[in-house]
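Everything below belongs to work13.txt, which stores compact mmCIF, C-alpha atoms.
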# COMPACT_ATOMS: atom_id res chain seq x y z
CA MET A 71 32.40 -31.30 9.93
CA MET A 72 35.53 -30.76 7.89
CA CYS A 73 35.17 -30.28 4.16
CA SER A 74 36.12 -33.53 2.47
CA LEU A 75 36.44 -32.06 -1.03
CA LYS A 76 39.76 -31.88 -2.80
CA MET A 77 41.81 -28.89 -1.83
CA VAL A 78 43.25 -26.56 -4.45
CA SER A 79 46.65 -27.74 -5.64
CA PRO A 80 49.53 -25.39 -4.91
CA ARG A 81 50.37 -23.14 -7.86
CA PRO A 82 53.49 -21.21 -8.73
CA PRO A 83 53.17 -17.57 -7.63
CA THR A 84 52.90 -16.32 -11.22
CA THR A 85 49.81 -14.91 -12.92
CA GLN A 86 48.69 -14.56 -16.50
CA PHE A 87 50.03 -10.99 -16.38
CA GLY A 88 53.56 -12.21 -15.80
CA LEU A 89 53.63 -10.68 -12.32
CA GLN A 90 54.31 -12.46 -9.08
CA ARG A 91 51.70 -12.76 -6.41
CA GLN A 92 53.18 -11.19 -3.29
CA ILE A 93 53.41 -14.01 -0.76
CA THR A 94 56.83 -13.46 0.82
CA THR A 95 56.59 -13.92 4.57
CA ASN A 96 58.67 -12.86 7.53
CA GLY A 97 59.90 -15.05 10.38
CA ASP A 98 56.46 -15.04 12.03
CA GLY A 99 54.70 -16.28 8.91
CA PHE A 100 53.04 -12.93 8.12
CA PRO A 101 53.31 -11.43 4.63
CA THR A 102 56.03 -8.81 4.60
CA PHE A 103 53.68 -6.18 3.14
CA LEU A 104 51.56 -6.14 6.31
CA PRO A 105 52.29 -3.40 8.87
CA LYS A 106 54.74 -4.48 11.55
CA GLU A 107 52.01 -4.02 14.18
CA VAL A 108 50.45 -7.29 13.01
CA LYS A 109 52.89 -9.06 15.33
CA ASP A 110 51.18 -7.45 18.34
CA ILE A 111 47.77 -8.95 17.57
CA LYS A 112 46.74 -11.62 20.07
CA ASP A 113 43.55 -13.02 18.53
CA PRO A 114 44.59 -16.44 17.14
CA PHE A 115 41.94 -16.32 14.39
CA ALA A 116 43.21 -12.95 13.17
CA ARG A 117 46.82 -14.10 13.27
CA ALA A 118 45.98 -17.24 11.30
CA LEU A 119 43.99 -15.37 8.65
CA ALA A 120 46.62 -12.63 8.33
CA GLN A 121 49.14 -15.29 7.33
CA LYS A 122 46.89 -16.22 4.38
CA ILE A 123 46.63 -12.74 2.88
CA VAL A 124 48.10 -12.46 -0.60
CA ARG A 125 48.28 -9.75 -3.24
CA ILE A 126 47.11 -10.47 -6.77
CA PRO A 127 47.41 -8.13 -9.76
CA VAL A 128 44.15 -6.53 -10.89
CA PRO A 129 44.31 -4.53 -14.15
CA LEU A 130 42.58 -1.16 -13.98
CA GLN A 131 41.83 1.07 -16.97
CA MET A 132 40.22 4.25 -15.70
CA GLU A 133 40.20 7.86 -16.84
CA ASN A 134 42.86 8.95 -14.36
CA PHE A 135 44.66 5.66 -13.78
CA ARG A 136 46.01 2.85 -15.93
CA GLY A 137 47.96 -0.04 -14.53
CA CYS A 138 47.84 -3.09 -12.28
CA VAL A 139 46.96 -2.83 -8.61
CA MET A 140 48.43 -5.52 -6.40
CA SER A 141 45.21 -6.22 -4.52
CA SER A 142 45.04 -7.92 -1.13
CA CYS A 143 42.65 -10.78 -0.50
CA ILE A 144 42.19 -14.24 0.96
CA LYS A 145 41.96 -16.80 -1.83
CA PRO A 146 39.89 -19.99 -1.45
CA THR A 147 41.53 -23.30 -0.61
CA VAL A 148 38.73 -25.38 -2.15
CA GLN A 149 37.43 -25.22 -5.71
CA LEU A 150 33.77 -25.98 -6.46
CA PRO A 151 33.26 -25.19 -10.14
CA ASP A 152 29.66 -26.41 -10.05
CA LYS A 153 28.67 -24.04 -7.22
CA SER A 154 28.66 -20.28 -6.82
CA PRO A 155 31.69 -19.00 -4.91
CA VAL A 156 31.13 -16.90 -1.80
CA VAL A 157 32.82 -13.50 -1.96
CA LEU A 158 33.14 -11.57 1.30
CA LEU A 159 33.39 -7.79 1.40
CA HIS A 160 33.99 -5.83 4.60
CA CYS A 161 32.62 -2.82 6.46
CA PHE A 162 33.58 0.82 5.99
CA ASP A 163 37.32 1.41 6.40
CA SER A 164 38.11 -2.18 7.31
CA SER A 165 39.88 -5.21 5.83
CA CYS A 166 39.52 -8.90 5.11
CA LEU A 167 40.66 -9.59 8.70
CA GLU A 168 37.07 -8.78 9.64
CA TRP A 169 36.30 -12.36 8.50
CA ARG A 170 38.79 -13.99 10.87
CA ARG A 171 36.20 -16.12 12.66
CA ALA A 172 33.74 -16.86 9.87
CA HIS A 173 36.11 -17.57 6.98
CA PRO A 174 37.52 -20.85 8.37
CA LEU A 175 34.00 -22.08 9.14
CA LEU A 176 32.79 -21.22 5.64
CA GLU A 177 35.58 -23.32 4.17
CA GLU A 178 34.81 -26.15 6.58
CA ALA A 179 31.24 -25.98 5.24
CA CYS A 180 32.66 -26.71 1.76
CA LEU A 181 32.05 -23.24 0.37
CA GLU A 182 34.59 -21.77 -2.04
CA THR A 183 35.28 -18.55 -0.19
CA TRP A 184 37.08 -15.35 -1.14
CA ALA A 185 37.61 -12.40 1.22
CA ILE A 186 38.44 -9.26 -0.72
CA ASP A 187 39.78 -5.89 0.38
CA VAL A 188 37.76 -3.09 -1.19
CA LEU A 189 39.92 -0.65 -3.15
CA GLY A 190 41.27 2.06 -0.83
CA TRP A 191 41.04 -0.10 2.31
CA GLY A 192 42.79 -3.25 3.45
CA PHE A 193 46.37 -4.08 2.54
CA SER A 194 46.74 -3.59 -1.21
CA ASP A 195 49.76 -1.84 -2.72
CA LEU A 196 48.46 1.65 -3.47
CA GLN A 197 51.70 3.60 -3.43
CA LYS A 198 50.63 4.72 -6.89
CA LEU A 199 47.18 5.74 -5.73
CA PRO A 200 44.22 5.18 -8.06
CA PRO A 201 40.97 7.08 -7.49
CA CYS A 202 39.14 5.59 -4.50
CA ASP A 203 35.62 6.87 -5.13
CA ALA A 204 32.60 4.56 -5.36
CA ALA A 205 32.89 4.09 -9.13
CA SER A 206 36.55 3.09 -8.85
CA LYS A 207 35.84 0.64 -6.03
CA ARG A 208 33.10 -0.90 -8.18
CA HIS A 209 35.36 -1.11 -11.24
CA HIS A 210 38.16 -2.71 -9.21
CA LEU A 211 35.84 -5.38 -7.82
CA PHE A 212 34.52 -6.14 -11.30
CA GLU A 213 38.01 -6.48 -12.78
CA LEU A 214 39.05 -8.79 -9.93
CA TRP A 215 35.91 -10.87 -10.51
CA LYS A 216 36.41 -10.97 -14.29
CA THR A 217 40.08 -11.93 -13.97
CA TYR A 218 39.94 -14.54 -11.21
CA ILE A 219 36.44 -15.60 -10.17
CA LYS A 220 34.79 -15.64 -13.60
CA ARG A 221 31.35 -16.95 -12.61
CA PRO A 222 28.31 -15.58 -10.73
CA MET A 223 29.03 -15.25 -7.03
CA ILE A 224 27.23 -15.05 -3.73
CA LEU A 225 28.24 -11.53 -2.74
CA VAL A 226 28.27 -10.85 1.01
CA GLY A 227 28.42 -7.34 2.44
CA PRO A 228 28.15 -6.12 6.05
CA SER A 229 27.21 -2.52 6.92
CA LEU A 230 28.76 -0.25 4.26
CA GLY A 231 29.92 -3.43 2.55
CA ALA A 232 26.23 -4.06 1.86
CA THR A 233 26.11 -0.69 0.11
CA VAL A 234 29.14 -1.70 -1.95
CA ALA A 235 27.36 -4.96 -2.83
CA VAL A 236 24.13 -3.20 -3.87
CA ASP A 237 26.08 -0.70 -5.97
CA PHE A 238 28.04 -3.48 -7.68
CA THR A 239 25.01 -5.71 -8.32
CA ALA A 240 22.99 -2.88 -9.83
CA THR A 241 25.82 -2.21 -12.31
CA TYR A 242 27.03 -5.77 -13.00
CA PRO A 243 24.02 -8.07 -12.40
CA GLU A 244 25.59 -10.83 -14.48
CA ALA A 245 28.43 -11.18 -11.94
CA VAL A 246 26.11 -11.96 -9.01
CA ASP A 247 24.09 -15.09 -8.29
CA LYS A 248 22.79 -14.17 -4.83
CA LEU A 249 23.24 -11.35 -2.31
CA VAL A 250 23.73 -11.35 1.46
CA LEU A 251 23.28 -7.97 3.15
CA ILE A 252 24.20 -7.78 6.84
CA ASN A 253 23.06 -4.91 9.06
CA ALA A 254 22.97 -2.98 5.83
CA ASN A 255 23.78 0.72 5.78
CA ALA A 256 22.19 1.14 2.33
CA TYR A 257 20.20 4.33 2.86
CA SER A 258 22.98 6.74 3.77
CA GLU A 259 23.40 9.68 1.41
CA GLY A 260 27.12 9.59 0.77
CA THR A 261 29.63 11.51 2.84
CA GLY A 262 27.38 14.57 2.99
CA ALA A 263 29.01 17.86 3.89
CA LEU A 264 32.38 16.14 4.34
CA LYS A 265 32.93 16.22 0.58
CA ASP A 266 33.10 20.03 0.71
CA LEU A 267 35.76 20.23 3.41
CA PRO A 268 39.09 21.87 2.59
CA LYS A 269 41.72 19.18 2.18
CA SER A 270 43.66 20.29 5.24
CA ILE A 271 40.59 19.78 7.43
CA ALA A 272 39.75 16.51 5.68
CA TYR A 273 43.21 15.18 6.51
CA ALA A 274 42.80 16.27 10.14
CA GLY A 275 39.49 14.41 10.30
CA VAL A 276 41.07 11.30 8.83
CA LYS A 277 43.85 11.39 11.43
CA LEU A 278 41.14 11.48 14.11
CA LEU A 279 39.39 8.53 12.46
CA LYS A 280 42.63 6.59 12.74
CA SER A 281 43.08 7.35 16.44
CA PHE A 282 42.95 4.49 18.93
CA PRO A 283 40.38 6.10 21.31
CA LEU A 284 37.85 6.68 18.53
CA ARG A 285 38.35 3.18 17.14
CA LEU A 286 37.98 1.70 20.62
CA LEU A 287 34.72 3.58 21.11
CA ALA A 288 33.44 2.18 17.81
CA ASN A 289 34.36 -1.32 18.95
CA VAL A 290 32.58 -0.88 22.27
CA LEU A 291 29.44 0.07 20.33
CA ALA A 292 29.86 -2.80 17.88
CA PHE A 293 30.71 -5.61 20.31
CA SER A 294 29.57 -6.71 23.75
CA SER A 295 32.99 -8.09 24.64
CA PRO A 296 35.41 -7.70 27.58
CA LEU A 297 37.65 -4.63 27.44
CA SER A 298 40.83 -6.66 26.86
CA GLU A 299 39.26 -8.34 23.82
CA ASN A 300 37.92 -5.03 22.54
CA ILE A 301 41.41 -3.53 22.75
CA ASP A 302 42.85 -6.35 20.67
CA TRP A 303 39.97 -6.17 18.19
CA THR A 304 40.57 -2.41 17.92
CA ASN A 305 44.16 -3.10 16.94
CA ILE A 306 42.93 -5.58 14.32
CA GLY A 307 40.37 -3.12 13.00
CA ARG A 308 42.89 -0.29 12.56
CA LEU A 309 45.84 -2.35 11.33
CA HIS A 310 45.24 -1.30 7.71
CA CYS A 311 45.38 2.35 8.82
CA GLN A 312 49.14 1.88 9.17
CA MET A 313 49.49 1.45 5.40
CA PRO A 314 51.42 4.44 4.01
CA TRP A 315 48.71 5.36 1.49
CA TRP A 316 45.72 5.04 3.85
CA GLU A 317 45.21 8.74 4.66
CA ASP A 318 45.34 9.77 1.01
CA ALA A 319 42.87 7.04 0.02
CA MET A 320 40.45 7.99 2.80
CA VAL A 321 40.51 11.68 1.90
CA ASN A 322 40.02 10.77 -1.75
CA PHE A 323 36.92 8.73 -0.86
CA MET A 324 35.59 11.38 1.51
CA ILE A 325 35.73 14.27 -0.94
CA SER A 326 34.33 12.09 -3.75
CA GLY A 327 30.94 12.03 -2.03
CA GLY A 328 30.88 8.34 -1.12
CA TYR A 329 27.95 6.03 -1.89
CA ASN A 330 24.29 6.81 -2.54
CA VAL A 331 22.49 3.63 -3.63
CA ALA A 332 18.96 3.95 -2.23
CA SER A 333 17.50 4.34 -5.73
CA HIS A 334 19.12 1.05 -6.84
CA ILE A 335 17.52 -1.17 -4.22
CA LYS A 336 14.13 -1.67 -5.89
CA LEU A 337 15.86 -2.55 -9.17
CA ILE A 338 17.64 -5.62 -7.79
CA ASN A 339 15.85 -8.91 -8.44
CA HIS A 340 18.56 -11.29 -7.25
CA LYS A 341 17.70 -13.67 -4.43
CA THR A 342 18.83 -11.81 -1.31
CA LEU A 343 19.32 -12.79 2.32
CA VAL A 344 18.85 -9.80 4.63
CA ILE A 345 20.53 -10.40 7.99
CA CYS A 346 20.21 -8.21 11.07
CA SER A 347 21.64 -8.66 14.55
CA GLU A 348 19.63 -8.86 17.71
CA ASN A 349 21.71 -6.22 19.48
CA ASP A 350 23.04 -3.92 16.75
CA GLN A 351 23.80 -0.53 18.31
CA ILE A 352 25.01 1.10 15.08
CA VAL A 353 22.45 0.39 12.33
CA SER A 354 18.75 0.26 13.23
CA ASN A 355 17.00 -3.04 12.57
CA GLN A 356 14.20 -0.98 11.04
CA LEU A 357 16.49 -0.28 8.08
CA SER A 358 16.86 -4.03 7.51
CA VAL A 359 13.07 -4.38 7.52
CA LYS A 360 12.78 -1.50 5.06
CA LEU A 361 15.36 -3.17 2.85
CA LEU A 362 13.43 -6.44 2.98
CA CYS A 363 10.27 -4.67 1.84
CA GLU A 364 11.94 -2.87 -1.07
CA LEU A 365 13.92 -5.77 -2.50
CA GLN A 366 12.06 -7.87 -5.06
CA ASN A 367 13.22 -11.31 -3.89
CA ALA A 368 14.43 -11.31 -0.29
CA VAL A 369 14.28 -13.39 2.87
CA PHE A 370 15.03 -12.13 6.38
CA ARG A 371 16.87 -13.68 9.32
CA GLU A 372 18.04 -12.34 12.69
CA VAL A 373 21.24 -13.48 14.37
CA PRO A 374 20.85 -13.74 18.17
CA ASP A 375 23.48 -12.74 20.71
CA SER A 376 25.38 -10.46 18.39
CA GLY A 377 25.97 -6.80 17.68
CA HIS A 378 26.91 -4.99 14.49
CA LEU A 379 29.24 -7.73 13.19
CA PRO A 380 27.54 -11.11 13.66
CA HIS A 381 30.25 -12.83 11.63
CA VAL A 382 32.68 -11.94 14.42
CA GLU A 383 30.49 -12.43 17.50
CA ASN A 384 28.33 -15.38 16.43
CA PRO A 385 30.16 -16.95 13.49
CA LYS A 386 28.64 -20.44 13.77
CA GLN A 387 25.08 -19.14 13.48
CA PHE A 388 26.13 -16.76 10.74
CA VAL A 389 27.87 -19.46 8.70
CA LYS A 390 24.87 -21.78 9.02
CA LEU A 391 22.69 -19.05 7.48
CA ILE A 392 25.14 -18.55 4.60
CA SER A 393 25.46 -22.29 4.02
CA ASP A 394 21.69 -22.83 4.03
CA PHE A 395 21.18 -19.85 1.73
CA ALA A 396 23.85 -21.05 -0.70
CA SER A 397 22.27 -24.51 -0.87
CA GLY A 398 18.74 -23.17 -1.36
CA LYS A 399 17.39 -24.19 2.04
CA LEU A 400 16.29 -20.66 2.99
CA ASN A 401 13.07 -19.48 1.36
Mind converting the file's structure to structure tokens?
Amino acid sequence: MMCSLKMVSPRPPTTQFGLQRQITTNGDGFPTFLPKEVKDIKDPFARALAQKIVRIPVPLQMENFRGCVMSSCIKPTVQLPDKSPVVLLHCFDSSCLEWRRAHPLLEEACLETWAIDVLGWGFSDLQKLPPCDAASKRHHLFELWKTYIKRPMILVGPSLGATVAVDFTATYPEAVDKLVLINANAYSEGTGALKDLPKSIAYAGVKLLKSFPLRLLANVLAFSSPLSENIDWTNIGRLHCQMPWWEDAMVNFMISGGYNVASHIKLINHKTLVICSENDQIVSNQLSVKLLCELQNAVFREVPDSGHLPHVENPKQFVKLISDFASGKLN
């Protein structure tokens, strides 16, 4: 069923900061700030969502950085001021294109839906690179929320995105109404020994992380899809790696120590939906059960016929869970 609510009226591309949102497109309808390789993507859902990516200015005042970051995201096309907006994060080293199949369905379900690129990943303008450690990612998300969203949200995080969501909620509980944690990787202890690597070796490791064979292997583990589809999905998943600042941002995050949020979990009392996939080959379902037991106010659901990213492989079932959770039908 299509959402029958009034769509957001078009607005001039100017913000309260006097800066233009970056929405200039090329002949194919893609924003000009996206890597040229976006034209090679075949998935129609990814192509459609890529055309909706915009950059909005987010003011950052940090110890080692002061200025506005033109931050990439998908803005909602419906406004529901009487309901909590849904804000989608993404996995480790990914982008908002991860939501290519679920985002349209969430909007059809009449949910005001943002998809946000976490600082240091995605397609933001980071030529002047801010710190990309966990604290900076948290601060960036809060400033984006405070500037544009401005009311408690349903914060959705898959895999490491769940860690980002836990970290954010523990620090800014007033910004969150409910949590959705998907195949959560919330018990990892940061980047471990990687933070002590010499920078030259760290950069070599990051170049390997960017490589097509390694990304394809990760996709084979994450999805039970035909090889041709996995190849295209690999290209989608590494598109942001073509951004000129990506290597520097990844090394910055790696040597910062990453995330360590296990001690925060028991402190969160927000209503939480813990989702795991039937066939996840990357994060053990036992970790989702552990998370369920440690959270103060959580419910648990499993998505059938899906691997690590149920919002890609089984988006209809996933969106139904989100919609029911947002409306209070899941207890």
Name the residues in contact with Asn355 in chain A at a cut-off of 8 Å, using all atoms listed in the file, excluding same-chain residues fewer than 6 positions from it; report them as an MDAnalysis selection string. chainID A and resid 253 346:347
Requested write-out: C-alpha atoms of the selected residues, as a CSV table (one decimal), in the frame of the given file:
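Everything below was put into part-v1.csv:
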chain,number,residue,atom,x,y,z
A,253,ASN,CA,23.1,-4.9,9.1
A,346,CYS,CA,20.2,-8.2,11.1
A,347,SER,CA,21.6,-8.7,14.6
Using all atoms listed in the file, tabulate the residues of range 173-229 of chain A lying at most 12 Å from any atom of range 300-320 of chain A, each with its closest atom pair and that distance in Å to one decimal, by chain and increasing residue number, as CSV.
residue,atom,partner,partner_atom,distance
A:Asp187,CA,A:His310,CA,10.2
A:Val188,CA,A:Ala319,CA,11.4
A:Leu189,CA,A:Ala319,CA,8.8
A:Gly190,CA,A:Ala319,CA,5.3
A:Trp191,CA,A:His310,CA,6.9
A:Gly192,CA,A:His310,CA,5.3
A:Phe193,CA,A:His310,CA,6.0
A:Ser194,CA,A:Met313,CA,8.8
A:Asp195,CA,A:Trp315,CA,8.4
A:Leu196,CA,A:Trp315,CA,6.2
A:Gln197,CA,A:Trp315,CA,6.0
A:Lys198,CA,A:Trp315,CA,8.6
A:Leu199,CA,A:Ala319,CA,7.3
A:Pro200,CA,A:Ala319,CA,8.4
A:Pro201,CA,A:Ala319,CA,7.7
A:Cys202,CA,A:Ala319,CA,6.0
A:Asp203,CA,A:Ala319,CA,8.9
A:Ala204,CA,A:Met320,CA,11.8
A:Ser206,CA,A:Ala319,CA,11.6
A:Lys207,CA,A:Ala319,CA,11.3
Of the listed residues A:Val331, A:Val382, A:Leu400, A:Val128, that which approaches Arg170 in chain A most closely, counting only C-alpha atoms: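 Of A:Val331, A:Val382, A:Leu400, A:Val128, the one nearest Arg170 in chain A, counting only C-alpha atoms, is A:Val382.
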Rank A:Leu267, A:Val353, A:Ile126, A:Leu284 by their smallest atom-to-atom distance to Leu230 in chain A, using all atoms listed in the file, and report the top residue only.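 Of A:Leu267, A:Val353, A:Ile126, A:Leu284, the one nearest Leu230 in chain A is A:Val353, counting all atoms listed in the file.
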Contacts of range 255-264 of chain A at 6 Å or less, counting all atoms listed in the file, minus same-chain residues fewer than 2 places along, as an mmCIF file with C-alpha atoms, in the coordinates of the input?
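The resulting file, selection19.cif, is reproduced below:
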data_model
loop_
_atom_site.group_PDB
_atom_site.id
_atom_site.type_symbol
_atom_site.label_atom_id
_atom_site.label_comp_id
_atom_site.auth_asym_id
_atom_site.auth_seq_id
_atom_site.Cartn_x
_atom_site.Cartn_y
_atom_site.Cartn_z
ATOM 1 C CA SER A 229 27.210 -2.520 6.920
ATOM 2 C CA LEU A 230 28.760 -0.250 4.260
ATOM 3 C CA THR A 233 26.110 -0.690 0.110
ATOM 4 C CA ASP A 266 33.100 20.030 0.710
ATOM 5 C CA LEU A 267 35.760 20.230 3.410
ATOM 6 C CA GLY A 327 30.940 12.030 -2.030
ATOM 7 C CA GLY A 328 30.880 8.340 -1.120
ATOM 8 C CA TYR A 329 27.950 6.030 -1.890
ATOM 9 C CA ASN A 330 24.290 6.810 -2.540
ATOM 10 C CA ALA A 332 18.960 3.950 -2.230
#
Could you tell me how far CA of Leu176 in chain A lies from CA of Ile219 in chain A, in Å and to one decimal?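 CA of Ile219 in chain A lies at a distance of 17.2 Å from CA of Leu176 in chain A.
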CA of Glu299 in chain A to CA of Ala179 in chain A, straight-line distance in Å: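 Taking CA of Ala179 in chain A as the start and CA of Glu299 in chain A as the end point, the length is 26.8 Å.
Across A:Val246, A:Cys143, A:Leu119, A:Met324, the tightest approach to Thr342 in chain A is made by A:Val246 when counting all atoms listed in the file.
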Quick check, in Å to one decimal: how far apart do CA of Arg221 in chain A and CA of Trp184 in chain A lie?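 Distance between the two atoms: 12.9 Å.
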Out of A:Val250, A:Cys161, A:Cys363, A:Val236, which residue has the shortest atom-to-atom distance to Ala292 in chain A when counting all atoms listed in the file? A:Cys161
Considering all atoms listed in the file, return as a short mmCIF file (atom, residue, chain, number, x, y, z; two decimals) with C-alpha atoms, in the coordinates of the input whatever protein or nucleic-acid residues lie within 9 Å of Leu362 in chain A, sequence-local ones (same chain, fewer than 5 positions apart) excluded.
data_model
loop_
_atom_site.label_atom_id
_atom_site.label_comp_id
_atom_site.auth_asym_id
_atom_site.auth_seq_id
_atom_site.Cartn_x
_atom_site.Cartn_y
_atom_site.Cartn_z
CA THR A 342 18.83 -11.81 -1.31
CA LEU A 343 19.32 -12.79 2.32
CA VAL A 344 18.85 -9.80 4.63
CA LEU A 357 16.49 -0.28 8.08
CA ASN A 367 13.22 -11.31 -3.89
CA ALA A 368 14.43 -11.31 -0.29
CA VAL A 369 14.28 -13.39 2.87
CA PHE A 370 15.03 -12.13 6.38
#
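Each of A:Ser294, A:Ile252, A:His210, A:Val276 was checked against Phe135 in chain A using only C-alpha atoms; the smallest atom-to-atom distance is that of A:His210.
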9 Å contact set for Lys122 in chain A, all atoms listed in the file, chain neighbours under 4 positions out, as a list in words: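 In the requested format, the answer is Ile93, Phe100, Pro101, Ala118, Cys143, Ile144 and Lys145 of chain A.
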Convert the current residue selection to file output with C-alpha atoms, as a short mmCIF file (atom, residue, chain, number, x, y, z; two decimals), in the coordinates of the input.
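Below is the file out-v3.cif, written as the result:
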data_model
loop_
_atom_site.label_atom_id
_atom_site.label_comp_id
_atom_site.auth_asym_id
_atom_site.auth_seq_id
_atom_site.Cartn_x
_atom_site.Cartn_y
_atom_site.Cartn_z
CA ILE A 93 53.41 -14.01 -0.76
CA PHE A 100 53.04 -12.93 8.12
CA PRO A 101 53.31 -11.43 4.63
CA ALA A 118 45.98 -17.24 11.30
CA CYS A 143 42.65 -10.78 -0.50
CA ILE A 144 42.19 -14.24 0.96
CA LYS A 145 41.96 -16.80 -1.83
#
Closest of A:Asn134, A:Thr183, A:Ser165, A:Ser295 to Gly231 in chain A - atom-to-atom distances counting only C-alpha atoms: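 Distance minimum relative to Gly231 in chain A lands on A:Ser165.
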Identify, on the basis of only C-alpha atoms, every residue whose closest approach to Ile338 in chain A does not exceed 7 Å; exclude the query and any residue fewer than 3 positions from it along the same chain; express the result as a PyMOL selection string. chain A and resi 240+334-335+365-366
Quick one: 5 Å padding each side, axis-aligned, all listed atoms of range 156-159 of chain A - centre and edge lengths in Å to one decimal, as JSON?
{"center_x": 32.3, "center_y": -12.3, "center_z": -0.3, "size_x": 12.3, "size_y": 19.1, "size_z": 13.4}
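Using all atoms listed in the file, every residue with an atom at most 10 Å from the point (24.7, -5.3, -8.2) is listed here: Arg208, Leu225, Thr233, Val234, Ala235, Val236, Asp237, Phe238, Thr239, Ala240, Thr241, Tyr242, Pro243, Glu244, Ala245, Val246, Asp247, Lys248, Leu249, His334, Ile335, Leu337, Ile338, Asn339 and His340 of chain A.
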Could you give me, as a list in words, the residues that have an atom at most 10 Å away from the point (50.7, -8.3, 13.0) in the coordinates of the file, using only C-alpha atoms?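 I get Asp98, Gly99, Phe100, Pro101, Thr102, Leu104, Pro105, Lys106, Glu107, Val108, Lys109, Asp110, Ile111, Lys112, Ala116, Arg117, Ala120, Gln121, Asn305, Ile306 and Leu309 of chain A for the residues within 10 Å of that point.
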